[in-house]
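**Q** Next comes the structure file protein.txt, holding compact mmCIF, C-alpha atoms.
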```
# COMPACT_ATOMS: atom_id res chain seq x y z
CA MET A 9 -13.41 -15.39 10.91
CA ILE A 10 -16.20 -14.62 13.35
CA PHE A 11 -16.22 -14.18 17.13
CA ARG A 12 -18.99 -15.99 19.01
CA ASN A 13 -18.62 -14.06 22.30
CA VAL A 14 -17.92 -10.52 21.12
CA GLU A 15 -18.88 -9.08 24.51
CA MET A 16 -15.48 -10.25 25.79
CA PHE A 17 -13.80 -7.45 23.83
CA PHE A 18 -15.12 -4.97 26.42
CA LEU A 19 -12.38 -6.35 28.71
CA VAL A 20 -9.60 -5.12 26.39
CA PRO A 21 -9.83 -1.39 27.27
CA LEU A 22 -10.12 -2.30 30.96
CA VAL A 23 -6.89 -4.32 30.79
CA ILE A 24 -5.10 -1.52 28.92
CA LEU A 25 -6.26 1.12 31.44
CA PHE A 26 -5.25 -1.06 34.37
CA PHE A 27 -1.70 -1.60 33.13
CA PHE A 28 -1.43 2.05 32.07
CA PHE A 29 -2.03 3.19 35.63
CA TYR A 30 0.07 0.32 36.91
CA GLY A 31 3.01 1.67 34.87
CA ILE A 32 2.52 5.15 36.34
CA ILE A 33 2.49 3.71 39.84
CA GLN A 34 5.63 1.71 39.14
CA LYS A 35 7.48 4.84 37.99
CA SER A 36 6.43 6.73 41.10
CA ARG A 37 7.63 4.05 43.51
CA LYS A 38 10.31 5.09 45.98
CA ALA A 39 13.76 3.53 45.75
CA GLY A 40 14.39 0.36 47.64
CA LEU A 41 17.85 1.60 48.75
CA LYS A 42 18.48 5.15 49.99
CA PHE A 43 21.83 6.95 49.91
CA SER A 44 22.70 10.09 51.82
CA TYR A 45 24.49 11.59 48.85
CA GLY A 46 22.83 11.08 45.45
CA GLU A 47 25.37 12.90 43.30
CA LEU A 48 27.50 9.79 43.32
CA PHE A 49 24.95 8.15 40.99
CA SER A 50 23.88 11.17 38.94
CA GLU A 51 26.08 10.19 36.02
CA VAL A 52 25.07 6.53 36.09
CA ARG A 53 22.76 5.65 33.24
CA LYS A 54 20.13 2.95 33.37
CA SER A 55 21.29 -0.25 31.76
CA PHE A 56 19.30 -2.01 29.04
CA ARG A 57 18.40 -4.65 31.60
CA ALA A 58 17.04 -2.07 34.04
CA ARG A 59 14.98 -0.32 31.34
CA LEU A 60 13.58 -3.65 30.17
CA SER A 61 12.71 -4.66 33.70
CA SER A 62 10.59 -1.53 34.19
CA ARG A 63 8.59 -2.34 31.04
CA LEU A 64 8.05 -6.02 31.77
CA PHE A 65 4.36 -5.45 32.53
CA TYR A 66 3.76 -4.83 28.80
CA LEU A 67 4.26 -8.54 28.20
CA ARG A 68 1.54 -9.36 30.71
CA THR A 69 -0.79 -6.86 29.02
CA ILE A 70 -0.23 -8.50 25.64
CA ALA A 71 -0.71 -11.97 27.15
CA LEU A 72 -4.06 -10.99 28.69
CA ILE A 73 -5.26 -9.43 25.42
CA PHE A 74 -4.47 -12.68 23.60
CA MET A 75 -6.47 -14.58 26.23
CA ILE A 76 -9.43 -12.22 25.85
CA PHE A 77 -9.41 -12.92 22.11
CA ALA A 78 -9.47 -16.63 22.94
CA LEU A 79 -12.45 -16.12 25.29
CA ALA A 80 -14.27 -14.36 22.44
CA ARG A 81 -14.31 -17.75 20.64
CA PRO A 82 -12.95 -17.03 17.17
CA GLN A 83 -14.41 -19.45 14.62
CA SER A 84 -14.08 -20.14 10.92
CA PRO A 85 -16.81 -21.85 8.80
CA ILE A 86 -15.42 -25.05 7.35
CA GLU A 87 -18.37 -26.88 5.77
CA GLU A 88 -21.53 -25.87 3.92
CA THR A 89 -24.42 -28.00 5.12
CA GLU A 90 -28.05 -28.45 4.15
CA ILE A 91 -30.83 -27.77 6.64
CA ILE A 92 -33.92 -29.86 5.96
CA SER A 93 -37.28 -28.55 7.18
CA GLU A 94 -40.74 -29.98 6.68
CA GLY A 95 -42.85 -26.93 5.83
CA ILE A 96 -46.26 -28.60 6.29
CA ASP A 97 -49.41 -27.23 7.93
CA ILE A 98 -51.35 -29.92 9.77
CA VAL A 99 -54.72 -29.74 11.50
CA LEU A 100 -55.60 -32.54 13.89
CA CYS A 101 -59.39 -32.97 13.77
CA VAL A 102 -60.63 -35.17 16.63
CA ASP A 103 -64.09 -36.45 17.53
CA VAL A 104 -65.07 -35.71 21.16
CA SER A 105 -68.62 -37.03 21.10
CA THR A 106 -69.82 -39.20 23.98
CA SER A 107 -69.19 -42.39 21.99
CA MET A 108 -65.46 -41.72 22.58
CA LEU A 109 -66.10 -42.76 26.22
CA ALA A 110 -66.10 -46.42 25.14
CA GLU A 111 -63.22 -48.18 26.91
CA ASP A 112 -61.98 -50.63 24.32
CA PHE A 113 -58.33 -49.39 24.14
CA THR A 114 -55.59 -50.27 26.61
CA ILE A 115 -52.22 -48.86 27.69
CA ASN A 116 -49.92 -51.17 29.69
CA ASN A 117 -52.83 -53.59 30.14
CA TYR A 118 -55.01 -50.91 31.73
CA ARG A 119 -58.27 -50.01 29.98
CA TYR A 120 -58.91 -46.39 29.00
CA ASN A 121 -61.53 -44.59 26.96
CA ARG A 122 -60.89 -43.82 23.34
CA LEU A 123 -60.28 -40.09 23.78
CA TYR A 124 -57.65 -40.64 26.49
CA VAL A 125 -55.67 -43.00 24.26
CA VAL A 126 -56.06 -40.73 21.22
CA LYS A 127 -54.62 -37.82 23.22
CA GLU A 128 -51.63 -39.92 24.29
CA VAL A 129 -50.93 -41.00 20.71
CA VAL A 130 -51.40 -37.48 19.35
CA LYS A 131 -48.80 -36.21 21.85
CA ASP A 132 -46.27 -38.64 20.38
CA PHE A 133 -47.19 -37.50 16.87
CA ILE A 134 -46.64 -33.85 17.83
CA ASP A 135 -43.27 -34.67 19.40
CA ALA A 136 -42.18 -36.39 16.17
CA ARG A 137 -42.70 -33.22 14.08
CA HIS A 138 -40.10 -30.45 14.05
CA ALA A 139 -40.73 -27.59 11.62
CA ASP A 140 -44.44 -27.93 10.89
CA ARG A 141 -47.24 -25.72 12.05
CA ILE A 142 -49.88 -27.82 13.80
CA GLY A 143 -53.37 -26.84 14.88
CA MET A 144 -56.25 -28.71 16.49
CA ILE A 145 -60.01 -28.82 15.93
CA VAL A 146 -62.40 -30.96 17.97
CA PHE A 147 -65.97 -31.67 17.06
CA ALA A 148 -69.10 -33.26 18.44
CA GLY A 149 -72.45 -31.59 17.65
CA ARG A 150 -70.38 -28.68 16.28
CA ALA A 151 -66.72 -27.89 15.72
CA TYR A 152 -64.47 -26.00 18.13
CA THR A 153 -60.93 -24.64 17.64
CA VAL A 154 -58.68 -25.92 20.41
CA CYS A 155 -55.49 -24.38 19.01
CA PRO A 156 -54.73 -22.44 15.80
CA LEU A 157 -51.75 -23.39 13.64
CA THR A 158 -48.61 -22.94 15.70
CA LEU A 159 -44.97 -23.93 16.02
CA ASP A 160 -45.24 -23.75 19.81
CA TYR A 161 -45.73 -27.45 20.46
CA ASP A 162 -45.68 -27.01 24.25
CA TRP A 163 -48.65 -24.65 24.03
CA LEU A 164 -50.38 -27.05 21.64
CA SER A 165 -49.87 -29.93 24.09
CA GLU A 166 -51.24 -27.83 26.96
CA ASN A 167 -54.38 -27.12 24.95
CA LEU A 168 -54.67 -30.80 24.08
CA GLU A 169 -54.70 -31.65 27.79
CA ARG A 170 -57.79 -29.47 28.24
CA VAL A 171 -59.80 -31.40 25.65
CA THR A 172 -62.60 -33.38 27.33
CA ILE A 173 -65.77 -35.14 26.34
CA GLY A 174 -68.76 -32.94 27.07
CA MET A 175 -67.03 -29.63 26.27
CA ILE A 176 -69.33 -29.39 23.21
CA GLU A 177 -72.94 -30.45 22.80
CA ASP A 178 -73.17 -34.07 21.74
CA GLY A 179 -73.40 -35.33 18.18
CA THR A 180 -71.00 -36.20 15.36
CA ALA A 181 -70.64 -33.31 12.90
CA ILE A 182 -67.87 -34.65 10.67
CA GLY A 183 -68.60 -32.11 7.92
CA SER A 184 -68.37 -29.23 10.39
CA GLY A 185 -65.05 -30.57 11.69
CA ILE A 186 -63.59 -30.65 8.18
CA SER A 187 -64.98 -27.18 7.39
CA ALA A 188 -63.47 -25.66 10.57
CA SER A 189 -60.13 -27.30 9.73
CA LEU A 190 -60.21 -25.86 6.21
CA ASN A 191 -60.81 -22.38 7.60
CA ARG A 192 -57.48 -22.72 9.40
CA LEU A 193 -55.65 -23.91 6.28
CA LYS A 194 -57.17 -22.05 3.34
CA ASP A 195 -55.03 -18.90 3.56
CA THR A 196 -51.69 -20.46 4.53
CA GLU A 197 -48.75 -20.57 2.13
CA ALA A 198 -47.36 -23.95 3.14
CA LYS A 199 -46.43 -26.38 0.38
CA GLY A 200 -48.30 -29.17 2.12
CA LYS A 201 -51.69 -28.91 3.85
CA VAL A 202 -53.09 -31.88 5.71
CA ILE A 203 -56.08 -32.72 7.90
CA ILE A 204 -55.93 -35.84 10.09
CA LEU A 205 -59.55 -36.65 10.93
CA LEU A 206 -60.34 -39.17 13.66
CA THR A 207 -63.85 -40.30 14.52
CA ASP A 208 -65.65 -43.34 15.87
CA GLY A 209 -69.14 -42.72 14.51
CA ARG A 210 -71.39 -41.49 11.73
CA ASN A 211 -72.18 -37.94 10.69
CA ASN A 212 -75.46 -37.04 12.43
CA ALA A 213 -75.14 -33.32 13.16
CA GLY A 214 -74.13 -30.07 11.54
CA LYS A 215 -75.32 -28.42 8.34
CA ILE A 216 -72.38 -29.45 6.13
CA SER A 217 -72.17 -32.81 4.41
CA PRO A 218 -68.82 -34.58 4.93
CA LEU A 219 -68.52 -35.31 1.19
CA THR A 220 -69.27 -31.69 0.30
CA ALA A 221 -66.56 -30.59 2.73
CA ALA A 222 -64.22 -33.14 1.10
CA GLU A 223 -64.85 -31.62 -2.35
CA VAL A 224 -64.01 -28.17 -0.98
CA SER A 225 -60.87 -29.63 0.58
CA LYS A 226 -59.84 -31.06 -2.78
CA ALA A 227 -60.37 -27.67 -4.45
CA LEU A 228 -58.13 -26.03 -1.83
CA GLY A 229 -55.41 -28.65 -2.25
CA VAL A 230 -55.83 -30.02 1.29
CA LYS A 231 -55.30 -33.74 1.79
CA ILE A 232 -57.41 -35.56 4.40
CA TYR A 233 -56.30 -38.70 6.21
CA THR A 234 -59.26 -40.36 7.94
CA ILE A 235 -59.08 -42.71 10.91
CA GLY A 236 -61.93 -44.87 12.19
CA ALA A 237 -61.26 -45.57 15.87
CA GLY A 238 -62.85 -48.44 17.76
CA THR A 239 -62.99 -52.21 18.02
CA GLU A 240 -65.07 -54.22 15.62
CA GLY A 241 -68.16 -55.46 17.38
CA MET A 242 -69.22 -54.63 20.94
CA ALA A 243 -67.29 -52.18 23.11
CA PRO A 244 -67.54 -51.72 26.92
CA TYR A 245 -69.32 -48.43 27.64
CA PRO A 246 -69.52 -46.83 31.11
CA PHE A 247 -72.89 -46.06 32.74
CA LYS A 248 -73.68 -44.48 36.07
CA ASP A 249 -76.24 -46.13 38.32
CA PRO A 250 -78.55 -44.09 40.63
CA TYR A 251 -75.88 -44.26 43.34
CA GLY A 252 -73.13 -42.78 41.13
CA ARG A 253 -71.34 -46.07 40.67
CA THR A 254 -69.86 -46.89 37.27
CA SER A 255 -70.87 -50.06 35.49
CA TYR A 256 -70.13 -51.22 31.97
CA LYS A 257 -72.41 -52.54 29.27
CA PRO A 258 -71.42 -53.84 25.85
CA VAL A 259 -72.50 -51.35 23.16
CA ARG A 260 -72.08 -51.42 19.40
CA ILE A 261 -70.81 -48.11 17.98
CA ASP A 262 -70.91 -48.08 14.21
CA ILE A 263 -68.26 -46.29 12.16
CA ASP A 264 -69.25 -44.98 8.73
CA GLU A 265 -66.21 -46.44 7.03
CA ASN A 266 -67.57 -45.93 3.52
CA THR A 267 -67.86 -42.17 4.02
CA LEU A 268 -64.41 -41.96 5.63
CA LYS A 269 -62.88 -43.89 2.73
CA GLU A 270 -64.61 -41.62 0.22
CA ILE A 271 -63.38 -38.49 1.99
CA ALA A 272 -59.81 -39.80 1.82
CA ASP A 273 -60.15 -40.84 -1.83
CA ILE A 274 -61.58 -37.47 -2.92
CA THR A 275 -58.74 -35.50 -1.32
CA GLY A 276 -55.88 -37.86 -2.18
CA GLY A 277 -55.47 -39.06 1.39
CA LYS A 278 -55.85 -42.48 2.93
CA TYR A 279 -58.26 -44.24 5.27
CA PHE A 280 -57.08 -46.19 8.32
CA ARG A 281 -58.86 -48.35 10.88
CA ALA A 282 -57.59 -48.37 14.46
CA THR A 283 -58.96 -51.23 16.56
CA ASP A 284 -56.49 -50.94 19.44
CA THR A 285 -53.79 -48.68 20.85
CA GLU A 286 -50.93 -50.21 18.90
CA SER A 287 -52.70 -49.93 15.56
CA LEU A 288 -53.55 -46.31 16.36
CA ARG A 289 -49.90 -45.55 17.12
CA ALA A 290 -48.84 -47.27 13.90
CA ILE A 291 -51.32 -45.17 11.89
CA TYR A 292 -49.99 -41.86 13.18
CA LYS A 293 -46.43 -43.05 12.61
CA GLU A 294 -47.27 -43.96 9.02
CA ILE A 295 -48.90 -40.59 8.41
CA ASN A 296 -45.83 -38.96 9.94
CA LYS A 297 -43.65 -40.72 7.35
CA LEU A 298 -46.01 -40.03 4.44
CA GLU A 299 -46.32 -36.31 5.10
CA THR A 300 -42.79 -35.01 4.74
CA ILE A 301 -42.04 -32.38 2.11
CA PRO A 302 -38.33 -31.49 2.44
CA MET A 303 -37.20 -27.95 1.74
CA LYS A 304 -33.43 -27.55 1.40
CA GLU A 305 -31.70 -24.47 2.73
CA LYS A 306 -27.95 -24.00 2.56
CA GLY A 307 -25.99 -22.48 5.36
CA TYR A 308 -22.68 -22.68 7.19
CA MET A 309 -23.42 -24.76 10.24
CA GLU A 310 -20.04 -26.33 11.11
CA TYR A 311 -17.21 -24.17 12.40
CA LYS A 312 -13.57 -24.65 13.29
CA GLU A 313 -12.64 -23.29 16.71
CA LEU A 314 -9.65 -20.93 16.43
CA PHE A 315 -9.20 -20.01 20.11
CA PRO A 316 -5.98 -22.10 20.45
CA PHE A 317 -4.27 -19.68 18.03
CA PHE A 318 -4.77 -16.94 20.63
CA LEU A 319 -4.75 -18.90 23.87
CA ILE A 320 -1.44 -20.71 23.33
CA PRO A 321 0.57 -17.54 22.44
CA GLY A 322 -1.04 -15.78 25.41
CA ILE A 323 0.02 -18.53 27.80
CA LEU A 324 3.53 -18.66 26.33
CA ILE A 325 3.97 -14.87 26.63
CA LEU A 326 2.71 -14.97 30.22
CA LEU A 327 5.09 -17.80 31.12
CA PHE A 328 7.95 -15.93 29.43
CA GLU A 329 7.14 -12.79 31.45
CA ILE A 330 7.08 -14.80 34.70
CA LEU A 331 10.36 -16.51 33.82
CA LEU A 332 12.09 -13.18 33.10
CA SER A 333 10.73 -11.51 36.23
CA GLU A 334 11.99 -14.37 38.40
CA THR A 335 15.43 -14.74 36.77
CA TRP A 336 17.32 -12.32 34.51
CA LEU A 337 15.03 -9.32 35.12
CA ARG A 338 14.34 -9.98 38.76
CA ARG A 339 14.07 -6.75 40.72
CA LEU A 340 15.11 -6.15 44.28
CA PRO A 341 12.40 -5.08 46.73
```
Let me see the file written as structure tokens.

**A**
Amino acid sequence: MIFRNVEMFFLVPLVILFFFFYGIIQKSRKAGLKFSYGELFSEVRKSFRARLSSRLFYLRTIALIFMIFALARPQSPIEETEIISEGIDIVLCVDVSTSMLAEDFTINNYRYNRLYVVKEVVKDFIDARHADRIGMIVFAGRAYTVCPLTLDYDWLSENLERVTIGMIEDGTAIGSGISASLNRLKDTEAKGKVIILLTDGRNNAGKISPLTAAEVSKALGVKIYTIGAGTEGMAPYPFKDPYGRTSYKPVRIDIDENTLKEIADITGGKYFRATDTESLRAIYKEINKLETIPMKEKGYMEYKELFPFFLIPGILILLFEILLSETWLRRLP
């Protein structure tokens, strides 16, 4: 048996002290009837009923102690259950080059740029995980750590909100993004290590080849899922005119699908192509299902509440005390 609210036991000595002094006060009370000559009653002994009446407050003390035990929530474990946790370290590696400004994705029939939609989908992915450490790397001309591996998903989401295009010099350094992600994963002890790399272009910056980074990832036991984001063909891209007004021109943004497929193949991952918002959501959902490594832990998680075994006797004793004080052991004022 365990007690969930043990702090309630501090009330027990207070109740005992209260009724202790209450008993002293009761004994020192003056008689309700006064006689001019007390020797007439000097030989009269207290009856059993009178002695019991003066000790009736003990029943109330016991009743209150039983109720305090009930408030302490006694419990007994009744079933051994298994707790399943994921135990995976995941780094979200996202392209933030200017090509991500292309507005070929929609949400509720409204057009948004690629990065905005990716952030919305990534939020849902984060919310779907429970016991995994997740970090975030963004890259353009170089890589930048947005958030190290953490279980604080609220903090991760706050950092995600601050990700913008233009926060890093422009370019597409895919190899640098993978390398920075590996630096976050190489010393962890998780059973599963995953990088989810999203880009909409070709590697054109950085000193590290994407395929070289993929070989290092394989050696470290890190799986890479690659996502090519963007419509096939022309995509509307925003431009500013001399007056600051935004206009759109169709622009072709090529994705190096062959390299992304090879990265995934080398590391044991998988390549996906997202051409719209729904396909992007489906990709992250599929990765969410694929990357689950259960770890079973046993523990007593279900308990039987035992407070009725204390509450009911306490109430019955209290009612019995009230019944006696109002009937057979009723005292005159």

**Q** Using only C-alpha atoms, can you tell me which of A:Leu319, A:Leu206, A:Cys155, A:Ile261 comes closest to Arg281 in chain A?

**A**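 Of the candidates, the smallest distance to Arg281 in chain A is held by A:Leu206.
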
**Q** Any idea what the distance is between CA of Leu190 in chain A and CA of Asp140 in chain A?

**A** 16.6 Å

**Q** For Lys231 in chain A, which residue among A:Ala290, A:Val99, A:Ile73, A:Ala181 is the nearest when counting all atoms listed in the file?

**A**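 With all atoms listed in the file as the atom set, the closest residue is A:Val99.
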
**Q** Considering only C-alpha atoms, state which residue in the set A:Tyr245, A:Tyr256, A:Tyr311, A:Tyr292 is at the smallest distance from Ala110 in chain A.

**A**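 Checking each candidate against Ala110 in chain A, we get A:Tyr245 as the closest.
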
**Q** CA of Arg170 in chain A and CA of Gly209 in chain A, how far apart in Å?

**A**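 Going from CA of Gly209 in chain A over to CA of Arg170 in chain A, I get 22.2 Å.
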
**Q** Of the residues A:Gly143, A:Pro244, A:Gly229, A:Gly149, which is the one nearest to Ile173 in chain A, using only C-alpha atoms?

**A** A:Gly149

**Q** Excluding range 269-276 of chain A and any residue of its chain fewer than 2 positions from it, enumerate the residues within 9 Å of it, using only C-alpha atoms, and give them as a list of chain:residue names.

**A**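 My list of contacting residues is A:Pro218, A:Leu219, A:Ala221, A:Ala222, A:Glu223, A:Ser225, A:Lys226, A:Ala227, A:Gly229, A:Val230, A:Lys231, A:Ile232, A:Tyr233, A:Thr234, A:Asp264, A:Glu265, A:Asn266, A:Thr267, A:Lys278, A:Tyr279, A:Phe280.
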
**Q** Please measure the separation of CA of Ala213 in chain A and CA of Arg141 in chain A, giving the value in Å to one decimal.

**A**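 Going from CA of Ala213 in chain A over to CA of Arg141 in chain A covers 28.9 Å.
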
**Q** What's the 7 Å shell around range 328-330 of chain A, counting only C-alpha atoms, without same-chain residues fewer than 4 positions away, as number ranges by chain?

**A** A: 64, 67-68, 324, 334

**Q** Put those residues in a file: C-alpha atoms, as a CSV table (one decimal), in the frame of the given file.

**A**
```
chain,number,residue,atom,x,y,z
A,64,LEU,CA,8.0,-6.0,31.8
A,67,LEU,CA,4.3,-8.5,28.2
A,68,ARG,CA,1.5,-9.4,30.7
A,324,LEU,CA,3.5,-18.7,26.3
A,334,GLU,CA,12.0,-14.4,38.4
```

**Q** Have a look at A:Lys297, A:Ile263, A:Gly238, A:Phe315 and name the one nearest to Thr114 in chain A; count all atoms listed in the file.

**A**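 For Thr114 in chain A, the nearest of the candidates is A:Gly238.
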
**Q** Please rebuild range 317-329 of chain A with N, CA and C atoms and return the result as a compact mmCIF listing (two decimals), in the coordinates of the input.

**A**
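The result, stored in result.txt:
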```txt
# COMPACT_ATOMS: atom_id res chain seq x y z
N PHE A 317 -5.23 -20.57 18.67
CA PHE A 317 -4.27 -19.68 18.03
C PHE A 317 -4.05 -18.40 18.83
N PHE A 318 -4.94 -18.10 19.76
CA PHE A 318 -4.77 -16.94 20.63
C PHE A 318 -4.41 -17.37 22.05
N LEU A 319 -5.00 -18.47 22.50
CA LEU A 319 -4.75 -18.90 23.87
C LEU A 319 -3.31 -19.36 24.08
N ILE A 320 -2.80 -20.17 23.17
CA ILE A 320 -1.44 -20.71 23.33
C ILE A 320 -0.38 -19.60 23.32
N PRO A 321 -0.41 -18.65 22.37
CA PRO A 321 0.57 -17.54 22.44
C PRO A 321 0.41 -16.73 23.72
N GLY A 322 -0.83 -16.53 24.18
CA GLY A 322 -1.04 -15.78 25.41
C GLY A 322 -0.41 -16.46 26.61
N ILE A 323 -0.59 -17.78 26.69
CA ILE A 323 0.02 -18.53 27.80
C ILE A 323 1.54 -18.50 27.71
N LEU A 324 2.08 -18.66 26.50
CA LEU A 324 3.53 -18.66 26.33
C LEU A 324 4.13 -17.30 26.70
N ILE A 325 3.47 -16.22 26.28
CA ILE A 325 3.97 -14.87 26.63
C ILE A 325 3.91 -14.67 28.13
N LEU A 326 2.84 -15.11 28.77
CA LEU A 326 2.71 -14.97 30.22
C LEU A 326 3.80 -15.76 30.95
N LEU A 327 4.03 -16.99 30.50
CA LEU A 327 5.09 -17.80 31.12
C LEU A 327 6.47 -17.17 30.91
N PHE A 328 6.68 -16.60 29.72
CA PHE A 328 7.95 -15.93 29.43
C PHE A 328 8.15 -14.73 30.35
N GLU A 329 7.05 -13.97 30.56
CA GLU A 329 7.14 -12.79 31.45
C GLU A 329 7.46 -13.22 32.88
```
